[in-house]
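Asker: Quick one: structure below, then a few questions.
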Amino acid sequence: MSSPTDPDNGLPVRMPRPRRPGRHRKPEPVVAPENAPALVLAVPGTPSGTVRSIAEEILSIARSELPGMDARIGYVEGDGEEYPTLGGVLAQTAADQQAAEERAAELAAVEAAAAAEEGGDRGDAENGAATAAHRAPKTGAEERLVALVIPLLAGPDAAGMRQIRQAVLSSGTGAELTDVLGPHPLLAEGVHVKLSEAGLARADRARLFTVATAADGIILASVGGEEAVQAAGITGMLLAARLAVPVLAAGLDEEGAVARVAEQLREAGSQQLAVAPCLIGPEVPAGLLDAAAAEAGCAVAEPLGAYPAVGKLVASTYAAKLGIPHQQSPQGLAAR
């Protein structure tokens, strides 16, 4: 859009394009507010290089969803050196925030003194003093939330949550603990993708893409007892709708449960079975998944790992808890 020709040179002048109103307007990017609590990802299980890579990639995805947040990793069973413990990370977070507030207070005091000396104006001095008081470290009831701890768990796990809760309380930082990430439709999408990557499911029903080794019955594996199995059953219903095959949940931590569910599916007519973990990975003891699949005579897909949906759920959990508007990416995308 241009204005009439300029009277000085006769050339058209380009004017700023007005912002498009209404629902087609591109939303403003959302960033974490200044001084928001840190996000601390509580990683269960035995730490390892693989576990650390998964946790770091999930946090990277979460940061891309909500830029500007202070995001850290604490290991529930960490050693304090290579794998920092959850309690140690929370204590360090609190110390870092205290130091930042003290530096801000010192800077405000210097600015106030400079303003008073330069202008000699009592009002400037009072304003500067008020700013310094506002930036001073908060104590007692005014102390702000240090961190929001998000468990890296796809579903309920009483024992795992007990460990995480104890570490949070023992840190003495007043950090707040959220619930686990699932059940959620994005987890069903992730399990579907992992099955398709293993050649055990069609990647996209709409394209009628067939896989010769596609499973006609799915055992959705969980860890965490009966509550975890029930939650996995909710995800299983969503997965069954995506795949149009029967899906039943079973607990990996219950001896023989996967084999019993496999037999139940075979009696119902399924012939090619697959175990699909509704798990992120770090919470699964080494070898347990493969052993259960072998006992049941089933193929097996990989856990969710650092599938992008997990990072999105971490970011949306953080944003929802703090009341931050968060534009989550579209759900239900076809597997790649």
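Labeling convention for the structure tokens: chains A, B, ... as they appear, residues from 1 per chain, ligands from 1 in order of appearance.
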Would you mind listing what lies within 9 Å of segment 185-200 of chain A as a ChimeraX atom specification, with only C-alpha atoms counted and same-chain residues fewer than 5 positions away left out?

Answerer: /A:154,211-216,220,235-239,242-243,273-279,299-304,307-310,312-313,331-336

Asker: Name the residues of segment 43-180 of chain A that come out as helix (DSSP H, G or I) in a backbone DSSP run; write them as JSON, numbers by chain.

Answerer: {"A": [49, 50, 51, 52, 53, 54, 55, 56, 57, 58, 59, 60, 61, 62, 63, 64, 65, 86, 87, 88, 89, 90, 91, 92, 93, 94, 95, 96, 97, 98, 99, 100, 101, 102, 103, 104, 105, 106, 107, 108, 109, 110, 111, 112, 113, 114, 115, 116, 117, 118, 119, 122, 123, 124, 125, 126, 127, 128, 129, 130, 131, 132, 133, 134, 135, 140, 141, 142, 158, 159, 160, 161, 162, 163, 164, 165, 166, 167, 168, 169, 170, 171]}

Asker: Store the residues of this selection in a file with C-alpha atoms, as a compact mmCIF listing (two decimals), in the first residue's frame.

Answerer:
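Below you can see part.txt, which holds the result:
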```
# COMPACT_ATOMS: atom_id res chain seq x y z
CA GLY A 49 24.25 -41.07 29.10
CA THR A 50 21.18 -42.21 27.16
CA VAL A 51 18.83 -40.98 29.89
CA ARG A 52 20.61 -37.62 29.99
CA SER A 53 20.30 -37.25 26.19
CA ILE A 54 16.55 -37.93 26.38
CA ALA A 55 16.06 -35.41 29.21
CA GLU A 56 18.14 -32.73 27.49
CA GLU A 57 16.31 -33.11 24.19
CA ILE A 58 12.92 -32.95 25.92
CA LEU A 59 13.95 -29.73 27.66
CA SER A 60 15.20 -28.33 24.36
CA ILE A 61 11.76 -28.95 22.83
CA ALA A 62 10.06 -27.38 25.86
CA ARG A 63 12.26 -24.28 25.57
CA SER A 64 11.33 -23.91 21.91
CA GLU A 65 7.65 -24.08 22.90
CA LEU A 86 16.95 -33.28 42.19
CA GLY A 87 17.42 -31.82 45.67
CA GLY A 88 20.81 -30.38 44.73
CA VAL A 89 19.44 -28.75 41.58
CA LEU A 90 16.60 -27.16 43.54
CA ALA A 91 19.02 -25.82 46.16
CA GLN A 92 21.29 -24.40 43.45
CA THR A 93 18.29 -22.83 41.69
CA ALA A 94 17.24 -21.10 44.92
CA ALA A 95 20.80 -19.87 45.51
CA ASP A 96 21.08 -18.53 41.95
CA GLN A 97 17.79 -16.67 42.26
CA GLN A 98 18.79 -15.18 45.61
CA ALA A 99 22.08 -13.97 44.14
CA ALA A 100 20.29 -12.44 41.14
CA GLU A 101 17.86 -10.59 43.41
CA GLU A 102 20.73 -9.26 45.54
CA ARG A 103 22.55 -8.00 42.45
CA ALA A 104 19.34 -6.32 41.25
CA ALA A 105 18.91 -4.64 44.65
CA GLU A 106 22.50 -3.39 44.63
CA LEU A 107 22.09 -2.00 41.11
CA ALA A 108 18.85 -0.26 42.10
CA ALA A 109 20.55 1.30 45.11
CA VAL A 110 23.40 2.61 42.94
CA GLU A 111 20.92 4.02 40.42
CA ALA A 112 18.95 5.70 43.20
CA ALA A 113 22.07 7.31 44.67
CA ALA A 114 23.20 8.52 41.24
CA ALA A 115 19.78 10.01 40.51
CA ALA A 116 19.72 11.80 43.86
CA GLU A 117 23.26 13.15 43.41
CA GLU A 118 22.72 14.26 39.81
CA GLY A 119 19.33 15.92 40.16
CA ARG A 122 14.01 14.54 46.62
CA GLY A 123 11.36 12.99 44.40
CA ASP A 124 14.01 11.24 42.29
CA ALA A 125 15.69 9.93 45.41
CA GLU A 126 12.40 8.64 46.81
CA ASN A 127 11.56 6.98 43.49
CA GLY A 128 14.98 5.37 43.38
CA ALA A 129 14.61 4.13 46.93
CA ALA A 130 11.22 2.66 46.08
CA THR A 131 12.74 0.87 43.08
CA ALA A 132 15.53 -0.50 45.24
CA ALA A 133 13.01 -1.78 47.79
CA HIS A 134 11.00 -3.42 44.99
CA ARG A 135 14.09 -5.22 43.70
CA GLY A 140 8.69 -14.63 54.46
CA ALA A 141 5.26 -14.49 52.87
CA GLU A 142 6.56 -12.32 50.02
CA ALA A 158 3.08 -43.97 43.26
CA ALA A 159 6.58 -45.17 44.14
CA GLY A 160 8.28 -42.83 41.67
CA MET A 161 6.23 -39.83 42.77
CA ARG A 162 6.98 -40.63 46.42
CA GLN A 163 10.71 -40.38 45.68
CA ILE A 164 10.31 -37.13 43.79
CA ARG A 165 8.07 -35.59 46.44
CA GLN A 166 10.53 -36.50 49.18
CA ALA A 167 13.42 -34.90 47.28
CA VAL A 168 11.39 -31.71 46.76
CA LEU A 169 10.43 -31.48 50.45
CA SER A 170 13.97 -32.28 51.63
CA SER A 171 15.40 -29.47 49.50
```

Asker: What residues in segment 82-309 of chain A get the DSSP label strand (DSSP E)? Please answer as a ChimeraX atom specification.

Answerer: /A:147-151,176-177,217-222,247-251,273-277,299-300

Asker: For Asp157 of chain A, find every residue with an atom within 8 Å (counting only C-alpha atoms), except residues of its own chain fewer than 2 positions away, and show them as a VMD selection string.

Answerer: chain A and resid 153 155 159 to 161 223 to 225 227 to 228

Asker: May I have the residues from that selection written out with N, CA and C atoms, as a CSV table (one decimal), in the first residue's frame?

Answerer:
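Ended up saving to selection32.csv:
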```csv
chain,number,residue,atom,x,y,z
A,153,LEU,N,7.3,-38.5,33.8
A,153,LEU,CA,6.6,-39.7,33.9
A,153,LEU,C,5.3,-39.6,33.0
A,155,GLY,N,2.7,-41.5,33.1
A,155,GLY,CA,1.5,-41.9,33.8
A,155,GLY,C,1.7,-42.0,35.3
A,159,ALA,N,5.2,-45.1,43.6
A,159,ALA,CA,6.6,-45.2,44.1
A,159,ALA,C,7.5,-44.1,43.6
A,160,GLY,N,7.4,-43.9,42.3
A,160,GLY,CA,8.3,-42.8,41.7
A,160,GLY,C,7.9,-41.4,42.2
A,161,MET,N,6.6,-41.1,42.3
A,161,MET,CA,6.2,-39.8,42.8
A,161,MET,C,6.6,-39.7,44.2
A,223,VAL,N,4.2,-48.8,33.8
A,223,VAL,CA,4.9,-49.1,35.1
A,223,VAL,C,4.3,-48.2,36.1
A,224,GLY,N,4.0,-48.8,37.3
A,224,GLY,CA,3.5,-48.0,38.4
A,224,GLY,C,2.3,-48.6,39.0
A,225,GLY,N,2.0,-49.8,38.8
A,225,GLY,CA,0.9,-50.5,39.5
A,225,GLY,C,-0.4,-50.3,38.8
A,227,GLU,N,-3.0,-48.3,39.2
A,227,GLU,CA,-3.4,-47.0,38.7
A,227,GLU,C,-2.8,-46.6,37.4
A,228,ALA,N,-1.5,-47.0,37.2
A,228,ALA,CA,-0.8,-46.8,35.9
A,228,ALA,C,-1.5,-47.6,34.8
```

Asker: For the atom pair atom CA of Glu226 of chain A and atom CA of Glu77 of chain A, what is the interatomic distance in Å to one decimal place?

Answerer: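 Distance reported for this atom pair: 23.8 Å.
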
Asker: Write out as a list of chain:residue names the residues lying within 8 Å of Leu145 of chain A, counting only C-alpha atoms and excluding same-chain residues fewer than 2 positions away.

Answerer: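 What passes the distance filter is A:Pro37, A:Glu143, A:Ala147, A:Leu148, A:Gly174, A:Ala175, A:Glu176.
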
Asker: Those residues with C-alpha atoms, as a PDB file, in the first residue's frame please?

Answerer:
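To be explicit, this is the file written out as part_13.pdb:
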```
ATOM      1  CA  PRO A  37       9.956 -19.893  38.565  1.00  0.00           C
ATOM      2  CA  GLU A 143       9.071 -14.927  48.865  1.00  0.00           C
ATOM      3  CA  ALA A 147      10.783 -23.741  40.910  1.00  0.00           C
ATOM      4  CA  LEU A 148       8.076 -25.885  39.393  1.00  0.00           C
ATOM      5  CA  GLY A 174       9.385 -24.496  48.737  1.00  0.00           C
ATOM      6  CA  ALA A 175       9.357 -25.734  45.139  1.00  0.00           C
ATOM      7  CA  GLU A 176       6.015 -26.965  43.809  1.00  0.00           C
TER       8      GLU A 176
END
```

Asker: Within 9 Å of Val261 of chain A, counting only C-alpha atoms, which residues qualify if same-chain residues fewer than 4 places away don't, as a list in words?

Answerer: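 The residues that qualify are Ile219, Leu248, Ala249, Ala250, Gly256, Ala257, Leu265, Arg266 and Ala296 of chain A.
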
Asker: Quick check, in Å to one decimal: how far apart do atom CA of Pro183 of chain A and atom CA of Ala231 of chain A lie?

Answerer: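 Those two atoms sit 5.9 Å apart.
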
Asker: Kindly indicate which residue among A:Ile280, A:Arg202, A:Gly233, A:Gly217 lies nearest to Val43 of chain A, using only C-alpha atoms for the distances.

Answerer: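 Checking each of A:Ile280, A:Arg202, A:Gly233, A:Gly217 against Val43 of chain A, counting only C-alpha atoms, the winner is A:Ile280.
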
Asker: For Pro151 of chain A, list every protein, DNA or RNA residue within 7 Å, evaluated using only C-alpha atoms, and leave out those in the same chain fewer than 5 positions away; present the list as a PyMOL selection string.

Answerer: chain A and resi 41-43+180

Asker: Would you mind reading off the distance between atom CA of Val40 of chain A and atom CA of Ile150 of chain A, one decimal, in Å?

Answerer: 6.3 Å

Asker: Pick from A:Ala286, A:Tyr318, A:Gly182, A:Pro246: nearest to Asp70 of chain A, with only C-alpha atoms counted?

Answerer: A:Tyr318
